[in-house]
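S.K.: This is start-v3.txt, which holds compact mmCIF, C-alpha atoms:
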```
# COMPACT_ATOMS: atom_id res chain seq x y z
CA MET A 27 -14.35 -25.28 -40.18
CA ILE A 28 -12.54 -26.78 -43.16
CA SER A 29 -13.36 -30.33 -42.06
CA SER A 30 -17.06 -29.69 -42.65
CA VAL A 31 -16.59 -28.66 -46.29
CA THR A 32 -17.72 -31.46 -48.62
CA PHE A 33 -17.14 -29.71 -51.95
CA VAL A 34 -14.21 -28.10 -53.80
CA THR A 35 -14.22 -24.54 -55.08
CA VAL A 36 -11.42 -22.71 -56.92
CA SER A 37 -10.90 -18.97 -56.57
CA LYS A 38 -8.13 -16.80 -58.02
CA ALA A 39 -8.90 -13.90 -55.66
CA GLY A 40 -7.94 -13.43 -52.03
CA ILE A 41 -9.30 -15.20 -48.98
CA CYS A 42 -11.72 -12.35 -48.28
CA ARG A 43 -13.50 -12.69 -51.63
CA ALA A 44 -13.41 -16.48 -51.30
CA LYS A 45 -15.34 -16.28 -48.03
CA TYR A 46 -17.95 -13.95 -49.54
CA HIS A 47 -18.14 -16.26 -52.56
CA ILE A 48 -19.31 -19.02 -50.22
CA ALA A 49 -21.37 -16.94 -47.78
CA GLY A 50 -22.80 -14.28 -50.09
CA GLY A 51 -23.86 -10.86 -48.87
CA ASN A 52 -21.55 -8.85 -51.15
CA THR A 53 -22.65 -7.38 -54.47
CA SER A 54 -19.16 -7.46 -55.98
CA VAL A 55 -18.66 -11.19 -55.40
CA GLN A 56 -20.58 -13.95 -57.20
CA VAL A 57 -22.31 -16.38 -54.83
CA CYS A 58 -21.44 -20.08 -55.05
CA LYS A 59 -24.58 -22.07 -55.90
CA LYS A 60 -23.04 -25.44 -54.97
CA CYS A 61 -22.18 -24.53 -51.39
CA PRO A 62 -24.00 -26.73 -48.81
CA PRO A 63 -26.25 -24.77 -46.39
CA HIS A 64 -24.34 -25.80 -43.27
CA VAL A 65 -21.04 -24.60 -44.77
CA LYS A 66 -22.59 -21.29 -45.80
CA GLU A 67 -24.01 -20.86 -42.29
CA GLU A 68 -20.62 -21.52 -40.72
CA ILE A 69 -18.88 -18.94 -42.94
CA VAL A 70 -21.61 -16.36 -42.25
CA ASN A 71 -21.17 -16.85 -38.51
CA TYR A 72 -17.40 -16.52 -38.89
CA ILE A 73 -17.72 -13.20 -40.77
CA ALA A 74 -20.18 -11.91 -38.18
CA SER A 75 -17.81 -12.81 -35.34
CA LYS A 76 -14.98 -10.93 -37.07
CA LYS A 77 -17.15 -7.83 -37.43
CA ALA A 78 -18.15 -8.06 -33.78
CA ALA A 79 -14.49 -8.30 -32.77
CA ARG A 80 -13.69 -5.22 -34.84
CA LYS A 81 -16.50 -3.31 -33.18
CA LEU A 82 -15.19 -4.37 -29.77
CA VAL A 83 -11.70 -3.09 -30.58
CA GLU A 84 -13.09 0.24 -31.83
CA ASP A 85 -15.03 0.70 -28.58
CA VAL A 86 -12.04 -0.08 -26.30
CA ASP A 87 -10.86 2.89 -24.21
CA ILE A 88 -7.17 3.09 -25.12
CA THR A 89 -6.37 4.72 -21.77
CA ASN A 90 -7.04 1.35 -20.13
CA LEU A 91 -4.60 -0.60 -22.28
CA ASP A 92 -1.48 -1.82 -20.46
CA SER A 93 0.84 -1.66 -23.43
CA PHE A 94 1.14 -0.75 -27.08
CA GLY A 95 3.49 -1.59 -29.91
CA ASP A 96 5.30 -4.86 -29.23
CA ASP A 97 2.64 -6.29 -26.88
CA GLU A 98 -0.06 -6.46 -29.53
CA THR A 99 -1.66 -9.02 -31.80
CA GLU A 100 -3.25 -8.23 -35.14
CA LEU A 101 -6.93 -8.86 -35.80
CA ASP A 102 -7.71 -9.46 -39.46
CA ASP A 103 -10.94 -7.72 -40.40
CA LEU A 104 -12.87 -8.63 -43.53
CA GLY A 105 -14.16 -5.17 -44.31
CA GLU A 106 -17.62 -4.45 -45.71
CA SER A 107 -16.89 -4.30 -49.42
CA GLY A 108 -14.63 -7.36 -49.63
CA SER A 109 -12.45 -5.50 -52.12
CA ARG A 110 -8.80 -4.83 -51.36
CA GLY A 111 -8.71 -1.90 -53.74
CA GLY A 112 -11.90 -0.15 -52.58
CA LYS A 113 -12.41 2.52 -49.98
CA LYS A 114 -13.60 -0.08 -47.43
CA SER A 115 -10.72 -2.46 -47.97
CA LEU A 116 -9.18 -5.07 -45.71
CA SER A 117 -7.72 -3.43 -42.60
CA LYS A 118 -5.74 -4.35 -39.50
CA PHE A 119 -6.83 -3.77 -35.95
CA HIS A 120 -4.84 -4.29 -32.79
CA ILE A 121 -5.97 -5.79 -29.51
CA PRO A 122 -3.84 -6.18 -26.40
CA LYS A 123 -2.64 -9.56 -25.24
CA LYS A 124 -1.27 -10.83 -21.95
CA PRO A 125 1.93 -9.16 -20.70
CA ARG A 126 5.14 -10.81 -21.83
CA VAL A 127 6.59 -13.11 -19.20
CA LYS A 128 10.16 -12.17 -18.30
CA GLY A 129 12.79 -14.88 -18.52
CA PRO A 130 16.40 -15.42 -17.42
CA MET A 131 17.80 -13.40 -20.33
CA ASP A 132 15.99 -10.27 -19.09
CA VAL A 133 18.35 -10.19 -16.11
CA PHE A 134 21.31 -9.61 -18.42
CA PHE A 135 19.61 -6.91 -20.48
CA LYS A 136 17.83 -4.99 -17.71
CA GLN A 137 18.41 -1.23 -17.48
CA ASP A 138 19.90 0.48 -14.47
CA ALA A 139 16.99 1.97 -12.52
CA GLU A 140 18.93 5.04 -11.35
CA LYS A 141 20.02 5.89 -14.91
CA VAL A 142 16.48 5.41 -16.24
CA VAL A 143 15.13 7.83 -13.60
CA LYS A 144 17.68 10.48 -14.58
CA ASP A 145 16.99 10.06 -18.32
CA ARG A 146 13.21 10.18 -17.77
CA LYS A 147 13.44 13.70 -16.37
CA LEU A 148 15.11 14.91 -19.57
CA ARG A 149 12.81 13.36 -22.18
CA GLN A 150 9.46 14.60 -23.46
CA THR A 151 6.14 12.87 -22.78
CA THR A 152 5.23 10.38 -25.51
CA ILE A 153 1.77 9.46 -26.82
CA ASN A 154 2.10 6.08 -25.12
CA GLU A 155 2.67 7.72 -21.72
CA ALA A 156 -0.23 10.12 -22.26
CA CYS A 157 -2.55 7.18 -22.94
CA LYS A 158 -1.59 5.61 -19.61
CA LYS A 159 -2.79 8.56 -17.56
CA GLU A 160 -5.69 6.66 -16.01
CA LEU A 161 -3.48 3.70 -15.08
CA ARG A 162 -0.97 6.07 -13.47
CA GLU A 163 -3.69 7.71 -11.39
CA LYS A 164 -4.77 4.30 -10.07
CA ALA A 165 -1.19 3.29 -9.22
CA CYS A 166 -0.45 6.62 -7.52
CA ALA A 167 -3.64 6.30 -5.45
CA ASP A 168 -2.52 2.86 -4.22
CA ILE A 169 0.96 4.18 -3.37
CA ALA A 170 -0.54 7.13 -1.49
CA ARG A 171 -2.85 4.81 0.46
CA TRP A 172 0.20 2.85 1.62
CA PHE A 173 1.75 6.13 2.82
CA PHE A 174 -1.43 6.91 4.77
CA ASP A 175 -1.71 3.43 6.32
CA ALA A 176 1.93 3.34 7.44
CA ALA A 177 1.98 7.01 8.55
CA ILE A 178 5.01 7.71 6.36
CA PRO A 179 6.00 11.40 6.03
CA PHE A 180 4.87 12.86 2.72
CA ASN A 181 8.30 14.29 1.94
CA ALA A 182 9.58 10.71 1.56
CA VAL A 183 8.55 10.91 -2.11
CA ASN A 184 11.30 13.52 -2.61
CA TYR A 185 14.01 10.96 -1.87
CA PRO A 186 15.83 9.87 -5.06
CA SER A 187 15.61 6.27 -3.83
CA PHE A 188 11.80 6.48 -4.10
CA ASP A 189 11.99 7.10 -7.85
CA VAL A 190 14.53 4.30 -8.23
CA MET A 191 12.24 1.91 -6.32
CA VAL A 192 9.26 2.71 -8.57
CA GLU A 193 11.39 2.27 -11.70
CA SER A 194 12.67 -1.12 -10.50
CA ILE A 195 9.10 -2.29 -9.88
CA GLY A 196 8.12 -1.20 -13.38
CA GLN A 197 11.07 -3.06 -14.93
CA TYR A 198 10.06 -6.27 -13.15
CA GLY A 199 6.54 -6.04 -14.57
CA VAL A 200 3.30 -7.68 -13.51
CA GLY A 201 3.28 -10.12 -10.60
CA LEU A 202 6.11 -8.78 -8.41
CA LYS A 203 6.04 -10.47 -5.00
CA PRO A 204 6.83 -7.79 -2.38
CA PRO A 205 9.55 -8.44 0.22
CA THR A 206 8.52 -9.92 3.55
CA MET A 207 9.18 -8.25 6.89
CA TYR A 208 12.00 -10.72 7.54
CA GLU A 209 13.65 -9.95 4.20
CA VAL A 210 13.54 -6.21 4.88
CA ARG A 211 14.72 -6.57 8.48
CA VAL A 212 17.58 -9.06 7.99
CA PRO A 213 19.07 -9.92 4.56
CA LEU A 214 18.13 -6.72 2.72
CA LEU A 215 19.21 -4.53 5.64
CA ASN A 216 22.55 -6.32 5.91
CA LYS A 217 23.18 -5.90 2.19
CA GLU A 218 22.37 -2.20 2.40
CA VAL A 219 24.77 -1.76 5.36
CA VAL A 220 27.57 -3.34 3.33
CA LYS A 221 26.74 -1.12 0.36
CA VAL A 222 26.73 2.06 2.48
CA ASN A 223 30.05 1.13 4.13
CA ASP A 224 31.60 0.61 0.71
CA GLU A 225 30.35 4.03 -0.39
CA MET A 226 31.70 5.61 2.81
CA LYS A 227 35.19 4.34 1.96
CA SER A 228 35.19 6.42 -1.22
CA PHE A 229 34.15 9.48 0.80
CA GLU A 230 36.87 8.88 3.39
CA GLU A 231 39.46 8.66 0.63
CA GLU A 232 38.17 12.01 -0.68
CA TRP A 233 38.43 13.58 2.78
CA ALA A 234 41.98 12.37 3.31
CA LYS A 235 43.12 13.60 -0.10
CA TYR A 236 41.37 16.96 -0.46
CA GLY A 237 40.14 17.75 3.07
CA CYS A 238 36.60 18.31 4.33
CA SER A 239 34.45 20.45 6.63
CA ILE A 240 32.59 19.24 9.72
CA MET A 241 29.19 20.89 10.07
CA ALA A 242 26.70 20.93 12.95
CA ASP A 243 22.96 21.57 12.75
CA GLY A 244 21.04 22.05 16.02
CA TRP A 245 17.28 21.70 16.35
CA THR A 246 14.57 20.88 18.90
CA ASP A 247 12.26 17.88 18.47
CA LYS A 248 8.66 17.43 19.66
CA LYS A 249 9.88 16.25 23.07
CA GLN A 250 11.76 19.55 23.48
CA ARG A 251 15.12 17.83 23.23
CA THR A 252 18.00 19.76 21.74
CA LEU A 253 19.64 17.61 19.10
CA ILE A 254 22.78 18.30 17.10
CA ASN A 255 23.32 16.64 13.73
CA PHE A 256 26.93 16.30 12.63
CA LEU A 257 27.68 16.17 8.92
CA VAL A 258 30.84 16.13 6.80
CA ASN A 259 30.96 18.15 3.59
CA SER A 260 33.44 17.82 0.71
CA HIS A 261 33.57 18.14 -3.07
CA LYS A 262 32.09 14.64 -3.30
CA GLY A 263 28.99 15.61 -1.29
CA THR A 264 27.58 15.85 2.24
CA VAL A 265 27.38 12.82 4.54
CA PHE A 266 25.42 12.51 7.79
CA ILE A 267 27.59 11.11 10.60
CA GLU A 268 25.73 11.22 13.90
CA SER A 269 22.93 12.87 15.87
CA VAL A 270 23.71 13.79 19.50
CA ASP A 271 21.27 14.65 22.29
CA ALA A 272 22.76 17.85 23.72
CA SER A 273 19.84 18.95 25.88
CA ASP A 274 22.00 19.29 29.00
CA TYR A 275 24.93 21.20 27.55
CA SER A 276 23.97 22.56 24.15
CA LYS A 277 24.56 26.16 25.22
CA THR A 278 27.89 25.45 26.93
CA GLY A 279 30.85 26.35 24.75
CA GLU A 280 33.16 23.92 26.48
CA LYS A 281 30.81 20.99 25.91
CA LEU A 282 30.27 21.94 22.27
CA PHE A 283 34.06 22.05 21.81
CA GLU A 284 34.30 18.55 23.25
CA LEU A 285 31.68 17.31 20.80
CA PHE A 286 33.48 18.84 17.82
CA ASP A 287 36.84 17.55 19.07
CA LYS A 288 35.48 13.99 19.29
CA MET A 289 34.04 14.33 15.78
CA VAL A 290 37.40 15.54 14.43
CA GLU A 291 39.13 12.55 16.03
CA ARG A 292 36.53 10.26 14.49
CA ILE A 293 36.83 11.70 10.97
CA GLY A 294 40.57 12.24 11.12
CA GLU A 295 42.59 15.45 11.14
```
Would you mind writing the file out in structure tokens?

M.R.:
Amino acid sequence: MISSVTFVTVSKAGICRAKYHIAGGNTSVQVCKKCPPHVKEEIVNYIASKKAARKLVEDVDITNLDSFGDDETELDDLGESGSRGGKKSLSKFHIPKKPRVKGPMDVFFKQDAEKVVKDRKLRQTTINEACKKELREKACADIARWFFDAAIPFNAVNYPSFDVMVESIGQYGVGLKPPTMYEVRVPLLNKEVVKVNDEMKSFEEEWAKYGCSIMADGWTDKKQRTLINFLVNSHKGTVFIESVDASDYSKTGEKLFELFDKMVERIGE
């Protein structure tokens, strides 16, 4: 725009009044009589585009915005009066920009998903979260559809690991590539087995030091099989050990004693 200006004008006021000095259209600013027509036309179009952008921002439904605060860019509006001191002075409007791309440093400053889930249950709902209601409804609908397609029991959402999973996805941000079937079946499963075994060691140390109780829970499945779940309870918590098909001898005291005796030998006296 500046390259097309073929004259020099001096103004002691701000940039807003300088633009109206060239373009006209404001009663409080004197119009430049030396301004070439093509320059005046270009400035008029520029002011009109700014007003259109302001109107667009005012009409945006804030419930559809992905983020507020840090992920914003300011839009400088000229205002209608052109006066900084008037009622219709220069103002700032905000429009969303593309989500921030995460880099290597984010790995070192990421929050623990389990801790975030616990803290979220204790804090109050903010204005930002209230504005994202529509986005949450869309995301929850997609999650529910996955439950329906895969025939996953609805009570799976009550698992603490489900909340942790959702929080981890949110911390990653836009563009997360989901794990493949191979990743879930081999490397991720192996890592989880190692993690569970490490956690079991801390439970076993608790049992050896303070003692524990072996519990049995019998139930009948859809195939009319009598199953017995064996669990170990201590001050540290309850751990599932094994499920046994006891259809043939569930009501025999001698057989039940043998099952408990084997479990005691396994856990340790």

S.K.: Around the point (16.1, 3.5, -6.9) in the file's coordinates, collect all residues with an atom within 10 Å, using only C-alpha atoms, and return them as a PyMOL selection string.

M.R.: chain A and resi 138-143+185-195

S.K.: May I ask for the distance between CA of Lys45 (chain A) and CA of Ala74 (chain A), given in Å to one decimal place?

M.R.: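 These two atoms are separated by 11.8 Å.
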
S.K.: Write out as a list in words each polymer residue whose atoms come within 6 Å of region 254-256 of chain A, counting only C-alpha atoms; drop sequence neighbours fewer than 6 positions from it.

M.R.: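 That gives Met241, Ala242, Asp243, Gly244, Ile267, Glu268, Ser269 and Val270 of chain A.
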
S.K.: Centre and edge lengths, as JSON, for the axis-aligned box enclosing every listed atom of region 282-287 of chain A with 5 Å of padding on each of the six sides, in Å to one decimal?

M.R.:
```
{"center_x": 33.6, "center_y": 19.7, "center_z": 20.5, "size_x": 16.6, "size_y": 14.7, "size_z": 15.4}
```

S.K.: List the neighbours of Ala165 (chain A) out to 12 Å using all atoms listed in the file; skip same-chain residues closer than 6 positions along the sequence, and give me the result as JSON, numbers by chain.

M.R.: {"A": [158, 159, 171, 172, 192, 195, 196]}

S.K.: Using all atoms listed in the file, which protein or nucleic acid residues come within 8 Å of Val258 (chain A)? Drop anything in the same chain fewer than 4 positions from it, and give the result as a PyMOL selection string.

M.R.: chain A and resi 238-241+264-267

S.K.: How many Å lie between CA of Glu67 (chain A) and CA of Gly50 (chain A), rounded to one decimal?

M.R.: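 Between CA of Glu67 (chain A) and CA of Gly50 (chain A) the gap works out to 10.3 Å.
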
S.K.: Place N, CA and C atoms on region 202-232 of chain A and deliver the coordinates as a tab-separated table (two decimals), in the frame of the given file.

M.R.:
```tsv
chain	number	residue	atom	x	y	z
A	202	LEU	N	4.99	-8.89	-9.36
A	202	LEU	CA	6.11	-8.78	-8.41
A	202	LEU	C	5.64	-9.15	-7.01
A	203	LYS	N	6.34	-10.09	-6.37
A	203	LYS	CA	6.04	-10.47	-5.00
A	203	LYS	C	6.82	-9.55	-4.07
A	204	PRO	N	6.12	-8.75	-3.24
A	204	PRO	CA	6.83	-7.79	-2.38
A	204	PRO	C	7.68	-8.49	-1.33
A	205	PRO	N	8.71	-7.83	-0.82
A	205	PRO	CA	9.55	-8.44	0.22
A	205	PRO	C	8.79	-8.63	1.52
A	206	THR	N	9.13	-9.67	2.25
A	206	THR	CA	8.52	-9.92	3.55
A	206	THR	C	9.20	-9.06	4.61
A	207	MET	N	8.59	-9.02	5.81
A	207	MET	CA	9.18	-8.25	6.89
A	207	MET	C	10.55	-8.80	7.27
A	208	TYR	N	10.71	-10.12	7.23
A	208	TYR	CA	12.00	-10.72	7.54
A	208	TYR	C	13.06	-10.32	6.52
A	209	GLU	N	12.68	-10.32	5.23
A	209	GLU	CA	13.65	-9.95	4.20
A	209	GLU	C	14.12	-8.51	4.37
A	210	VAL	N	13.17	-7.62	4.69
A	210	VAL	CA	13.54	-6.21	4.88
A	210	VAL	C	14.40	-6.03	6.13
A	211	ARG	N	14.07	-6.76	7.19
A	211	ARG	CA	14.72	-6.57	8.48
A	211	ARG	C	16.09	-7.22	8.57
A	212	VAL	N	16.32	-8.34	7.83
A	212	VAL	CA	17.58	-9.06	7.99
A	212	VAL	C	18.43	-9.04	6.72
A	213	PRO	N	18.14	-9.85	5.70
A	213	PRO	CA	19.07	-9.92	4.56
A	213	PRO	C	19.19	-8.63	3.78
A	214	LEU	N	18.06	-7.96	3.49
A	214	LEU	CA	18.13	-6.72	2.72
A	214	LEU	C	18.82	-5.61	3.50
A	215	LEU	N	18.55	-5.54	4.81
A	215	LEU	CA	19.21	-4.53	5.64
A	215	LEU	C	20.72	-4.76	5.70
A	216	ASN	N	21.12	-6.01	5.86
A	216	ASN	CA	22.55	-6.32	5.91
A	216	ASN	C	23.26	-5.97	4.60
A	217	LYS	N	22.59	-6.25	3.48
A	217	LYS	CA	23.18	-5.90	2.19
A	217	LYS	C	23.32	-4.39	2.03
A	218	GLU	N	22.32	-3.66	2.52
A	218	GLU	CA	22.37	-2.20	2.40
A	218	GLU	C	23.48	-1.62	3.29
A	219	VAL	N	23.69	-2.21	4.48
A	219	VAL	CA	24.77	-1.76	5.36
A	219	VAL	C	26.13	-1.94	4.68
A	220	VAL	N	26.32	-3.08	4.04
A	220	VAL	CA	27.57	-3.34	3.33
A	220	VAL	C	27.76	-2.34	2.19
A	221	LYS	N	26.67	-2.06	1.48
A	221	LYS	CA	26.74	-1.12	0.36
A	221	LYS	C	27.09	0.28	0.84
A	222	VAL	N	26.46	0.72	1.95
A	222	VAL	CA	26.73	2.06	2.48
A	222	VAL	C	28.17	2.16	2.98
A	223	ASN	N	28.66	1.12	3.65
A	223	ASN	CA	30.05	1.13	4.13
A	223	ASN	C	31.04	1.22	2.98
A	224	ASP	N	30.73	0.53	1.88
A	224	ASP	CA	31.60	0.61	0.71
A	224	ASP	C	31.59	2.02	0.12
A	225	GLU	N	30.43	2.66	0.12
A	225	GLU	CA	30.35	4.03	-0.39
A	225	GLU	C	31.08	5.00	0.54
A	226	MET	N	31.01	4.74	1.84
A	226	MET	CA	31.70	5.61	2.81
A	226	MET	C	33.21	5.57	2.61
A	227	LYS	N	33.75	4.43	2.19
A	227	LYS	CA	35.19	4.34	1.96
A	227	LYS	C	35.64	5.32	0.89
A	228	SER	N	34.82	5.47	-0.16
A	228	SER	CA	35.19	6.42	-1.22
A	228	SER	C	35.15	7.85	-0.71
A	229	PHE	N	34.20	8.15	0.21
A	229	PHE	CA	34.15	9.48	0.80
A	229	PHE	C	35.36	9.73	1.70
A	230	GLU	N	35.73	8.73	2.49
A	230	GLU	CA	36.87	8.88	3.39
A	230	GLU	C	38.16	9.11	2.62
A	231	GLU	N	38.29	8.43	1.48
A	231	GLU	CA	39.46	8.66	0.63
A	231	GLU	C	39.48	10.09	0.11
A	232	GLU	N	38.29	10.62	-0.22
A	232	GLU	CA	38.17	12.01	-0.68
A	232	GLU	C	38.55	12.97	0.43
```
